[in-house]
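What follows is structure22.txt (compact mmCIF, N, CA and C atoms).
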```txt
# COMPACT_ATOMS: atom_id res chain seq x y z
N MET A 1 120.47 103.54 121.62
CA MET A 1 120.46 103.87 120.22
C MET A 1 120.06 105.34 120.06
N ALA A 2 120.89 106.12 119.41
CA ALA A 2 120.60 107.53 119.19
C ALA A 2 119.62 107.69 118.05
N ALA A 3 118.78 108.69 118.15
CA ALA A 3 117.78 108.96 117.12
C ALA A 3 118.12 110.27 116.44
N ALA A 4 117.99 110.28 115.12
CA ALA A 4 118.20 111.52 114.37
C ALA A 4 116.90 112.31 114.38
N VAL A 5 117.00 113.57 114.72
CA VAL A 5 115.86 114.47 114.73
C VAL A 5 116.17 115.59 113.75
N GLU A 6 115.22 115.88 112.86
CA GLU A 6 115.43 116.97 111.90
C GLU A 6 114.29 117.96 112.01
N GLY A 7 114.54 119.16 111.55
CA GLY A 7 113.50 120.18 111.58
C GLY A 7 114.07 121.54 111.89
N ARG A 8 113.22 122.38 112.50
CA ARG A 8 113.61 123.75 112.80
C ARG A 8 113.31 124.09 114.25
N LEU A 9 114.20 124.87 114.83
CA LEU A 9 114.02 125.44 116.17
C LEU A 9 114.31 126.93 116.06
N ALA A 10 113.53 127.74 116.73
CA ALA A 10 113.78 129.17 116.76
C ALA A 10 113.40 129.70 118.13
N ALA A 11 114.22 130.61 118.63
CA ALA A 11 113.94 131.24 119.92
C ALA A 11 114.27 132.72 119.80
N SER A 12 113.46 133.55 120.44
CA SER A 12 113.74 134.98 120.46
C SER A 12 113.30 135.55 121.80
N SER A 13 113.94 136.63 122.18
CA SER A 13 113.56 137.32 123.41
C SER A 13 113.63 138.81 123.16
N GLN A 14 112.57 139.30 122.52
CA GLN A 14 112.51 140.71 122.17
C GLN A 14 111.47 141.42 123.04
N ALA A 15 111.87 142.53 123.61
CA ALA A 15 110.92 143.35 124.37
C ALA A 15 110.21 144.26 123.38
N PRO A 16 109.02 144.65 123.54
CA PRO A 16 108.11 144.35 124.65
C PRO A 16 107.24 143.12 124.42
N SER A 17 107.37 142.45 123.26
CA SER A 17 106.49 141.32 122.96
C SER A 17 106.80 140.08 123.76
N GLY A 18 107.94 139.99 124.39
CA GLY A 18 108.29 138.85 125.23
C GLY A 18 109.06 137.79 124.46
N SER A 19 109.39 136.71 125.15
CA SER A 19 110.19 135.65 124.55
C SER A 19 109.30 134.63 123.85
N ARG A 20 109.85 134.03 122.79
CA ARG A 20 109.11 133.06 121.99
C ARG A 20 110.00 131.88 121.64
N PHE A 21 109.36 130.71 121.50
CA PHE A 21 110.07 129.49 121.10
C PHE A 21 109.20 128.75 120.09
N TYR A 22 109.81 128.31 118.99
CA TYR A 22 109.10 127.54 117.97
C TYR A 22 109.92 126.30 117.63
N ALA A 23 109.24 125.17 117.47
CA ALA A 23 109.90 123.92 117.08
C ALA A 23 109.00 123.18 116.11
N ASP A 24 109.58 122.71 115.03
CA ASP A 24 108.90 121.87 114.05
C ASP A 24 109.86 120.72 113.78
N LEU A 25 109.62 119.58 114.44
CA LEU A 25 110.59 118.49 114.45
C LEU A 25 109.99 117.20 113.91
N LYS A 26 110.85 116.39 113.28
CA LYS A 26 110.45 115.11 112.72
C LYS A 26 111.55 114.09 113.02
N ALA A 27 111.13 112.88 113.39
CA ALA A 27 112.09 111.81 113.66
C ALA A 27 111.44 110.47 113.41
N GLU A 28 112.25 109.49 113.06
CA GLU A 28 111.73 108.13 112.89
C GLU A 28 111.44 107.50 114.25
N ARG A 29 112.33 107.76 115.24
CA ARG A 29 112.17 107.22 116.59
C ARG A 29 112.54 108.29 117.60
N LEU A 30 111.82 108.31 118.72
CA LEU A 30 112.15 109.26 119.79
C LEU A 30 111.58 108.77 121.11
N ASP A 31 112.40 108.81 122.15
CA ASP A 31 111.96 108.52 123.51
C ASP A 31 111.44 109.84 124.09
N LEU A 32 110.14 109.97 124.22
CA LEU A 32 109.54 111.22 124.68
C LEU A 32 109.94 111.57 126.11
N ASP A 33 110.09 110.57 126.97
CA ASP A 33 110.50 110.82 128.36
C ASP A 33 111.90 111.40 128.42
N ALA A 34 112.83 110.83 127.65
CA ALA A 34 114.20 111.33 127.62
C ALA A 34 114.25 112.73 127.00
N ALA A 35 113.47 112.94 125.94
CA ALA A 35 113.43 114.26 125.30
C ALA A 35 112.87 115.31 126.25
N ALA A 36 111.82 114.97 127.00
CA ALA A 36 111.24 115.92 127.96
C ALA A 36 112.23 116.25 129.07
N ALA A 37 112.96 115.25 129.56
CA ALA A 37 113.97 115.49 130.59
C ALA A 37 115.07 116.40 130.07
N PHE A 38 115.47 116.19 128.82
CA PHE A 38 116.49 117.04 128.20
C PHE A 38 116.01 118.49 128.09
N VAL A 39 114.78 118.67 127.63
CA VAL A 39 114.22 120.03 127.49
C VAL A 39 114.11 120.71 128.85
N ARG A 40 113.67 119.96 129.88
CA ARG A 40 113.57 120.54 131.23
C ARG A 40 114.95 120.96 131.74
N SER A 41 115.98 120.18 131.43
CA SER A 41 117.33 120.54 131.89
C SER A 41 117.83 121.81 131.20
N LEU A 42 117.42 122.03 129.95
CA LEU A 42 117.82 123.24 129.24
C LEU A 42 116.98 124.44 129.65
N ALA A 43 115.69 124.22 129.88
CA ALA A 43 114.76 125.32 130.13
C ALA A 43 114.88 125.89 131.54
N GLY A 44 115.29 125.08 132.49
CA GLY A 44 115.35 125.56 133.86
C GLY A 44 113.97 125.59 134.48
N SER A 45 113.78 126.47 135.45
CA SER A 45 112.49 126.56 136.12
C SER A 45 111.44 127.14 135.19
N SER A 46 110.17 126.93 135.50
CA SER A 46 109.09 127.41 134.64
C SER A 46 109.06 128.94 134.56
N THR A 47 109.67 129.63 135.51
CA THR A 47 109.72 131.09 135.44
C THR A 47 110.67 131.55 134.34
N GLU A 48 111.54 130.65 133.85
CA GLU A 48 112.47 130.99 132.79
C GLU A 48 111.96 130.56 131.42
N TRP A 49 110.81 129.92 131.34
CA TRP A 49 110.27 129.46 130.07
C TRP A 49 109.85 130.66 129.23
N PRO A 50 109.79 130.48 127.90
CA PRO A 50 109.36 131.57 127.03
C PRO A 50 107.91 131.99 127.30
N ASP A 51 107.59 133.24 126.95
CA ASP A 51 106.22 133.72 127.12
C ASP A 51 105.26 133.04 126.16
N GLU A 52 105.75 132.64 124.98
CA GLU A 52 104.95 131.94 123.98
C GLU A 52 105.75 130.79 123.41
N ALA A 53 105.06 129.70 123.05
CA ALA A 53 105.72 128.56 122.41
C ALA A 53 104.75 127.87 121.46
N GLN A 54 105.29 127.35 120.37
CA GLN A 54 104.56 126.53 119.42
C GLN A 54 105.45 125.33 119.10
N VAL A 55 104.92 124.11 119.24
CA VAL A 55 105.70 122.91 119.00
C VAL A 55 104.90 121.97 118.10
N SER A 56 105.57 121.46 117.08
CA SER A 56 104.99 120.48 116.17
C SER A 56 105.93 119.28 116.12
N LEU A 57 105.40 118.09 116.41
CA LEU A 57 106.20 116.86 116.39
C LEU A 57 105.57 115.86 115.44
N ASP A 58 106.39 115.20 114.64
CA ASP A 58 105.96 114.13 113.74
C ASP A 58 106.95 112.99 113.93
N ILE A 59 106.57 112.02 114.75
CA ILE A 59 107.47 110.93 115.15
C ILE A 59 106.92 109.61 114.64
N GLY A 60 107.74 108.85 113.94
CA GLY A 60 107.31 107.55 113.42
C GLY A 60 107.01 106.54 114.52
N ARG A 61 107.95 106.43 115.48
CA ARG A 61 107.80 105.51 116.62
C ARG A 61 108.26 106.22 117.88
N ALA A 62 107.33 106.67 118.68
CA ALA A 62 107.65 107.36 119.94
C ALA A 62 107.48 106.38 121.09
N THR A 63 108.26 106.57 122.13
CA THR A 63 108.15 105.75 123.33
C THR A 63 107.92 106.66 124.52
N SER A 64 106.94 106.30 125.36
CA SER A 64 106.67 107.06 126.58
C SER A 64 106.16 106.09 127.65
N ALA A 65 106.78 106.12 128.82
CA ALA A 65 106.40 105.27 129.95
C ALA A 65 106.32 103.80 129.54
N GLY A 66 107.27 103.37 128.71
CA GLY A 66 107.32 101.97 128.28
C GLY A 66 106.32 101.61 127.19
N GLN A 67 105.54 102.55 126.75
CA GLN A 67 104.56 102.32 125.69
C GLN A 67 105.09 102.85 124.37
N GLU A 68 104.85 102.10 123.30
CA GLU A 68 105.23 102.56 121.97
C GLU A 68 104.03 103.17 121.28
N LEU A 69 104.21 104.35 120.74
CA LEU A 69 103.15 105.10 120.06
C LEU A 69 103.55 105.24 118.60
N ARG A 70 102.79 104.63 117.68
CA ARG A 70 103.15 104.65 116.25
C ARG A 70 101.98 105.05 115.40
N PRO A 71 102.09 106.02 114.59
CA PRO A 71 102.97 107.18 114.71
C PRO A 71 102.45 108.12 115.79
N PHE A 72 103.24 109.09 116.14
CA PHE A 72 102.86 110.09 117.13
C PHE A 72 103.02 111.47 116.49
N MET A 73 101.92 112.20 116.41
CA MET A 73 101.96 113.54 115.83
C MET A 73 101.20 114.49 116.75
N THR A 74 101.77 115.67 116.98
CA THR A 74 101.08 116.66 117.79
C THR A 74 101.49 118.07 117.37
N LYS A 75 100.57 118.99 117.56
CA LYS A 75 100.82 120.42 117.41
C LYS A 75 100.21 121.08 118.63
N LEU A 76 101.04 121.75 119.41
CA LEU A 76 100.55 122.39 120.62
C LEU A 76 101.28 123.69 120.85
N GLY A 77 100.71 124.51 121.71
CA GLY A 77 101.33 125.78 122.00
C GLY A 77 100.72 126.44 123.21
N TYR A 78 101.35 127.51 123.62
CA TYR A 78 100.81 128.32 124.71
C TYR A 78 101.25 129.76 124.53
N GLY A 79 100.49 130.64 125.12
CA GLY A 79 100.79 132.06 125.11
C GLY A 79 100.38 132.64 126.45
N PRO A 80 100.44 133.96 126.59
CA PRO A 80 100.10 134.59 127.86
C PRO A 80 98.67 134.29 128.32
N LYS A 81 97.74 134.11 127.38
CA LYS A 81 96.34 133.90 127.75
C LYS A 81 95.74 132.62 127.18
N THR A 82 96.52 131.80 126.47
CA THR A 82 95.96 130.61 125.83
C THR A 82 96.87 129.41 125.96
N ILE A 83 96.25 128.24 125.89
CA ILE A 83 96.94 126.97 125.73
C ILE A 83 96.18 126.26 124.62
N SER A 84 96.89 125.75 123.61
CA SER A 84 96.19 125.10 122.49
C SER A 84 96.79 123.74 122.18
N LEU A 85 95.91 122.82 121.82
CA LEU A 85 96.29 121.51 121.30
C LEU A 85 95.57 121.40 119.97
N ASP A 86 96.30 121.70 118.88
CA ASP A 86 95.70 121.74 117.56
C ASP A 86 95.62 120.36 116.92
N GLN A 87 96.52 119.45 117.29
CA GLN A 87 96.51 118.11 116.71
C GLN A 87 97.14 117.14 117.70
N LEU A 88 96.56 115.96 117.80
CA LEU A 88 97.13 114.85 118.55
C LEU A 88 96.71 113.58 117.83
N LYS A 89 97.68 112.86 117.32
CA LYS A 89 97.39 111.62 116.60
C LYS A 89 98.30 110.52 117.10
N ILE A 90 97.70 109.45 117.58
CA ILE A 90 98.42 108.25 117.97
C ILE A 90 97.68 107.11 117.29
N ALA A 91 98.24 106.56 116.22
CA ALA A 91 97.53 105.55 115.44
C ALA A 91 97.49 104.20 116.16
N THR A 92 98.60 103.77 116.76
CA THR A 92 98.66 102.47 117.42
C THR A 92 99.40 102.61 118.74
N LEU A 93 98.83 102.06 119.80
CA LEU A 93 99.47 102.03 121.11
C LEU A 93 99.91 100.61 121.36
N MET A 94 101.22 100.39 121.53
CA MET A 94 101.78 99.06 121.73
C MET A 94 102.38 98.97 123.13
N ALA A 95 102.12 97.89 123.83
CA ALA A 95 102.70 97.67 125.16
C ALA A 95 104.03 96.99 125.05
```

As C-alpha cells, what does this structure read like?
Amino acid sequence: MAAAVEGRLAASSQAPSGSRFYADLKAERLDLDAAAAFVRSLAGSSTEWPDEAQVSLDIGRATSAGQELRPFMTKLGYGPKTISLDQLKIATLMA
C-alpha cells in the first residue's frame, strides 16, 4: 500500500557555506525502514551527504522493525559541529 507524503523539501549547494538539506514532511502512514532505504539509495555514501540538514516528520502511523509507532513526530538535524534532536514523540508503541 502506497502512502501519500506531503510537505516541503529543499536542497542547496552553495559555496562557501556548503550544502544544505531541509525536509518538513507529514503523512498518515509511513514505513520508516523503507523510507530510510530510499533516502540512502538517493544520498549515496556519507561523504556525499549535505554539510547541514534539518528534518521534521509528523507521521500518524509509522512502522519500524515490525513495530507500529502512533503517532511518530521528530525534529532533528546536524551541521558541521552539531547534532540536534529537538523533538521525539511516540505516543503508542504497538507490536

Hey, can I get the axis-aligned box for segment 29-36 of chain A? All listed atoms, 5 Å padding on each side, centre and edge lengths in Å to one decimal, as AutoDock Vina command-line options.
```
--center_x 111.9 --center_y 111.7 --center_z 122.2 --size_x 14.7 --size_y 19.0 --size_z 23.8
```

Report as an MDAnalysis selection string: the residues of chain A with a DSSP assignment of strand (DSSP E), based on the backbone of this structure.
chainID A and resid 5:14 18:31 52:64 67:78 83:94

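The space separating atom CA of Ile90 of chain A from atom CA of Gly7 of chain A comes to 20.3 Å.
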
Between A:Ala37, A:Leu85, A:Thr92, A:Gly18, smallest distance to Glu68 of chain A by all atoms listed in the file belongs to A:Thr92

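Shortest atom-to-atom contact with Ala35 of chain A among A:Val5, A:Asp86, A:Arg70, A:Pro80: A:Val5, counting only C-alpha atoms.
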
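Here atom CA of Ala91 of chain A is placed at a distance of 26.1 Å from atom C of Tyr78 of chain A.
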
Would you list the contacts of Leu25 of chain A as a list of chain:residue names, taking every protein, DNA or RNA residue within 8 Å and counting only N, CA and C atoms, but skipping same-chain residues closer than 3 positions in sequence?
A:Val5, A:Glu6, A:Gly7, A:Arg8, A:Leu9, A:Tyr22, A:Val55, A:Ser56, A:Leu57, A:Asp58, A:Ile59

Would you mind exporting N, CA and C atoms of the selected residues as a PDB file, keeping the file's coordinate frame?
```pdb
ATOM      1  N   VAL A   5     117.000 113.570 114.720  1.00  0.00           N
ATOM      2  CA  VAL A   5     115.860 114.470 114.730  1.00  0.00           C
ATOM      3  C   VAL A   5     116.170 115.590 113.750  1.00  0.00           C
ATOM      4  N   GLU A   6     115.220 115.880 112.860  1.00  0.00           N
ATOM      5  CA  GLU A   6     115.430 116.970 111.900  1.00  0.00           C
ATOM      6  C   GLU A   6     114.290 117.960 112.010  1.00  0.00           C
ATOM      7  N   GLY A   7     114.540 119.160 111.550  1.00  0.00           N
ATOM      8  CA  GLY A   7     113.500 120.180 111.580  1.00  0.00           C
ATOM      9  C   GLY A   7     114.070 121.540 111.890  1.00  0.00           C
ATOM     10  N   ARG A   8     113.220 122.380 112.500  1.00  0.00           N
ATOM     11  CA  ARG A   8     113.610 123.750 112.800  1.00  0.00           C
ATOM     12  C   ARG A   8     113.310 124.090 114.250  1.00  0.00           C
ATOM     13  N   LEU A   9     114.200 124.870 114.830  1.00  0.00           N
ATOM     14  CA  LEU A   9     114.020 125.440 116.170  1.00  0.00           C
ATOM     15  C   LEU A   9     114.310 126.930 116.060  1.00  0.00           C
ATOM     16  N   TYR A  22     109.810 128.310 118.990  1.00  0.00           N
ATOM     17  CA  TYR A  22     109.100 127.540 117.970  1.00  0.00           C
ATOM     18  C   TYR A  22     109.920 126.300 117.630  1.00  0.00           C
ATOM     19  N   VAL A  55     104.920 124.110 119.240  1.00  0.00           N
ATOM     20  CA  VAL A  55     105.700 122.910 119.000  1.00  0.00           C
ATOM     21  C   VAL A  55     104.900 121.970 118.100  1.00  0.00           C
ATOM     22  N   SER A  56     105.570 121.460 117.080  1.00  0.00           N
ATOM     23  CA  SER A  56     104.990 120.480 116.170  1.00  0.00           C
ATOM     24  C   SER A  56     105.930 119.280 116.120  1.00  0.00           C
ATOM     25  N   LEU A  57     105.400 118.090 116.410  1.00  0.00           N
ATOM     26  CA  LEU A  57     106.200 116.860 116.390  1.00  0.00           C
ATOM     27  C   LEU A  57     105.570 115.860 115.440  1.00  0.00           C
ATOM     28  N   ASP A  58     106.390 115.200 114.640  1.00  0.00           N
ATOM     29  CA  ASP A  58     105.960 114.130 113.740  1.00  0.00           C
ATOM     30  C   ASP A  58     106.950 112.990 113.930  1.00  0.00           C
ATOM     31  N   ILE A  59     106.570 112.020 114.750  1.00  0.00           N
ATOM     32  CA  ILE A  59     107.470 110.930 115.150  1.00  0.00           C
ATOM     33  C   ILE A  59     106.920 109.610 114.640  1.00  0.00           C
TER      34      ILE A  59
END
```

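With distances taken over all atoms listed in the file, A:Arg29 is the one residue among A:Arg40, A:Lys89, A:Lys75, A:Arg29 lying closest to Thr63 of chain A.
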
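With distances taken over all atoms listed in the file, A:Ala65 is the one residue among A:Asp51, A:Ala65, A:Gly79, A:Pro71 lying closest to Ala34 of chain A.
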
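Selecting helix (DSSP H, G or I) from the backbone DSSP output for chain A yields Leu32, Asp33, Ala34, Ala35, Ala36, Ala37, Phe38, Val39, Arg40, Ser41, Leu42, Ala43, Ser46, Thr47 and Glu48 of chain A.
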
Test item: residues at most 12 Å from segment 11-16 of chain A, only C-alpha atoms, excluding those fewer than 6 positions along its chain, as a VMD selection string:
chain A and resid 22 to 23 43 48 to 55

Please write the residues from the selection above to a file, keeping N, CA and C atoms, as a PDB file, keeping the file's coordinate frame.
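Below is the file that was written, part_10.pdb:
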```
ATOM      1  N   TYR A  22     109.810 128.310 118.990  1.00  0.00           N
ATOM      2  CA  TYR A  22     109.100 127.540 117.970  1.00  0.00           C
ATOM      3  C   TYR A  22     109.920 126.300 117.630  1.00  0.00           C
ATOM      4  N   ALA A  23     109.240 125.170 117.470  1.00  0.00           N
ATOM      5  CA  ALA A  23     109.900 123.920 117.080  1.00  0.00           C
ATOM      6  C   ALA A  23     109.000 123.180 116.110  1.00  0.00           C
ATOM      7  N   ALA A  43     115.690 124.220 129.880  1.00  0.00           N
ATOM      8  CA  ALA A  43     114.760 125.320 130.130  1.00  0.00           C
ATOM      9  C   ALA A  43     114.880 125.890 131.540  1.00  0.00           C
ATOM     10  N   GLU A  48     111.540 130.650 133.850  1.00  0.00           N
ATOM     11  CA  GLU A  48     112.470 130.990 132.790  1.00  0.00           C
ATOM     12  C   GLU A  48     111.960 130.560 131.420  1.00  0.00           C
ATOM     13  N   TRP A  49     110.810 129.920 131.340  1.00  0.00           N
ATOM     14  CA  TRP A  49     110.270 129.460 130.070  1.00  0.00           C
ATOM     15  C   TRP A  49     109.850 130.660 129.230  1.00  0.00           C
ATOM     16  N   PRO A  50     109.790 130.480 127.900  1.00  0.00           N
ATOM     17  CA  PRO A  50     109.360 131.570 127.030  1.00  0.00           C
ATOM     18  C   PRO A  50     107.910 131.990 127.300  1.00  0.00           C
ATOM     19  N   ASP A  51     107.590 133.240 126.950  1.00  0.00           N
ATOM     20  CA  ASP A  51     106.220 133.720 127.120  1.00  0.00           C
ATOM     21  C   ASP A  51     105.260 133.040 126.160  1.00  0.00           C
ATOM     22  N   GLU A  52     105.750 132.640 124.980  1.00  0.00           N
ATOM     23  CA  GLU A  52     104.950 131.940 123.980  1.00  0.00           C
ATOM     24  C   GLU A  52     105.750 130.790 123.410  1.00  0.00           C
ATOM     25  N   ALA A  53     105.060 129.700 123.050  1.00  0.00           N
ATOM     26  CA  ALA A  53     105.720 128.560 122.410  1.00  0.00           C
ATOM     27  C   ALA A  53     104.750 127.870 121.460  1.00  0.00           C
ATOM     28  N   GLN A  54     105.290 127.350 120.370  1.00  0.00           N
ATOM     29  CA  GLN A  54     104.560 126.530 119.420  1.00  0.00           C
ATOM     30  C   GLN A  54     105.450 125.330 119.100  1.00  0.00           C
ATOM     31  N   VAL A  55     104.920 124.110 119.240  1.00  0.00           N
ATOM     32  CA  VAL A  55     105.700 122.910 119.000  1.00  0.00           C
ATOM     33  C   VAL A  55     104.900 121.970 118.100  1.00  0.00           C
TER      34      VAL A  55
END
```

Atomic separation - atom C of Asp24 of chain A relative to atom C of Ala62 of chain A, Å:
16.3 Å

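In terms of minimum interatomic distance to Ala4 of chain A, A:Leu30 ranks closest within A:Phe38, A:Gly77, A:Gly66, A:Leu30, counting all atoms listed in the file.
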
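If you measure from each of A:Ser64, A:Thr82, A:Gln87, A:Thr74 to Leu32 of chain A using only C-alpha atoms, the closest one turns out to be A:Ser64.
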
Completion step: segment 51-61 of chain A with all heavy atoms as a CSV table (one decimal), in the frame of the given file:
```csv
chain,number,residue,atom,x,y,z
A,51,ASP,N,107.6,133.2,127.0
A,51,ASP,CA,106.2,133.7,127.1
A,51,ASP,C,105.3,133.0,126.2
A,51,ASP,O,104.1,132.9,126.5
A,51,ASP,CB,106.2,135.2,126.9
A,51,ASP,CG,107.1,136.0,127.9
A,51,ASP,OD1,107.0,135.7,129.1
A,51,ASP,OD2,107.8,136.9,127.5
A,52,GLU,N,105.8,132.6,125.0
A,52,GLU,CA,105.0,131.9,124.0
A,52,GLU,C,105.8,130.8,123.4
A,52,GLU,O,107.0,130.9,123.3
A,52,GLU,CB,104.6,132.9,122.8
A,52,GLU,CG,103.6,134.0,123.1
A,52,GLU,CD,103.3,134.8,121.9
A,52,GLU,OE1,103.2,134.2,120.8
A,52,GLU,OE2,103.3,136.0,122.0
A,53,ALA,N,105.1,129.7,123.0
A,53,ALA,CA,105.7,128.6,122.4
A,53,ALA,C,104.8,127.9,121.5
A,53,ALA,O,103.5,127.8,121.7
A,53,ALA,CB,106.2,127.6,123.5
A,54,GLN,N,105.3,127.4,120.4
A,54,GLN,CA,104.6,126.5,119.4
A,54,GLN,C,105.4,125.3,119.1
A,54,GLN,O,106.6,125.5,118.7
A,54,GLN,CB,104.3,127.3,118.1
A,54,GLN,CG,103.3,128.4,118.3
A,54,GLN,CD,101.9,128.0,118.5
A,54,GLN,OE1,101.4,127.0,118.0
A,54,GLN,NE2,101.2,128.7,119.4
A,55,VAL,N,104.9,124.1,119.2
A,55,VAL,CA,105.7,122.9,119.0
A,55,VAL,C,104.9,122.0,118.1
A,55,VAL,O,103.7,121.7,118.4
A,55,VAL,CB,106.0,122.2,120.3
A,55,VAL,CG1,106.8,120.9,120.1
A,55,VAL,CG2,106.8,123.1,121.2
A,56,SER,N,105.6,121.5,117.1
A,56,SER,CA,105.0,120.5,116.2
A,56,SER,C,105.9,119.3,116.1
A,56,SER,O,107.1,119.4,115.8
A,56,SER,CB,104.8,121.1,114.8
A,56,SER,OG,104.4,120.1,113.9
A,57,LEU,N,105.4,118.1,116.4
A,57,LEU,CA,106.2,116.9,116.4
A,57,LEU,C,105.6,115.9,115.4
A,57,LEU,O,104.4,115.7,115.5
A,57,LEU,CB,106.3,116.2,117.8
A,57,LEU,CG,106.9,117.0,118.9
A,57,LEU,CD1,106.8,116.3,120.2
A,57,LEU,CD2,108.4,117.4,118.6
A,58,ASP,N,106.4,115.2,114.6
A,58,ASP,CA,106.0,114.1,113.7
A,58,ASP,C,107.0,113.0,113.9
A,58,ASP,O,108.0,113.0,113.4
A,58,ASP,CB,106.0,114.6,112.3
A,58,ASP,CG,105.5,113.6,111.3
A,58,ASP,OD1,105.2,112.4,111.7
A,58,ASP,OD2,105.3,113.9,110.1
A,59,ILE,N,106.6,112.0,114.8
A,59,ILE,CA,107.5,110.9,115.2
A,59,ILE,C,106.9,109.6,114.6
A,59,ILE,O,105.8,109.3,114.9
A,59,ILE,CB,107.6,110.9,116.7
A,59,ILE,CG1,107.9,112.2,117.3
A,59,ILE,CG2,108.7,109.8,117.1
A,59,ILE,CD1,109.2,112.9,116.8
A,60,GLY,N,107.7,108.8,113.9
A,60,GLY,CA,107.3,107.6,113.4
A,60,GLY,C,107.0,106.5,114.5
A,60,GLY,O,106.0,105.9,114.5
A,61,ARG,N,108.0,106.4,115.5
A,61,ARG,CA,107.8,105.5,116.6
A,61,ARG,C,108.3,106.2,117.9
A,61,ARG,O,109.5,106.4,118.1
A,61,ARG,CB,108.6,104.2,116.4
A,61,ARG,CG,108.2,103.4,115.2
A,61,ARG,CD,109.1,102.3,114.9
A,61,ARG,NE,108.9,101.3,116.0
A,61,ARG,CZ,109.4,100.1,116.0
A,61,ARG,NH1,110.3,99.8,115.0
A,61,ARG,NH2,109.2,99.2,116.9
```
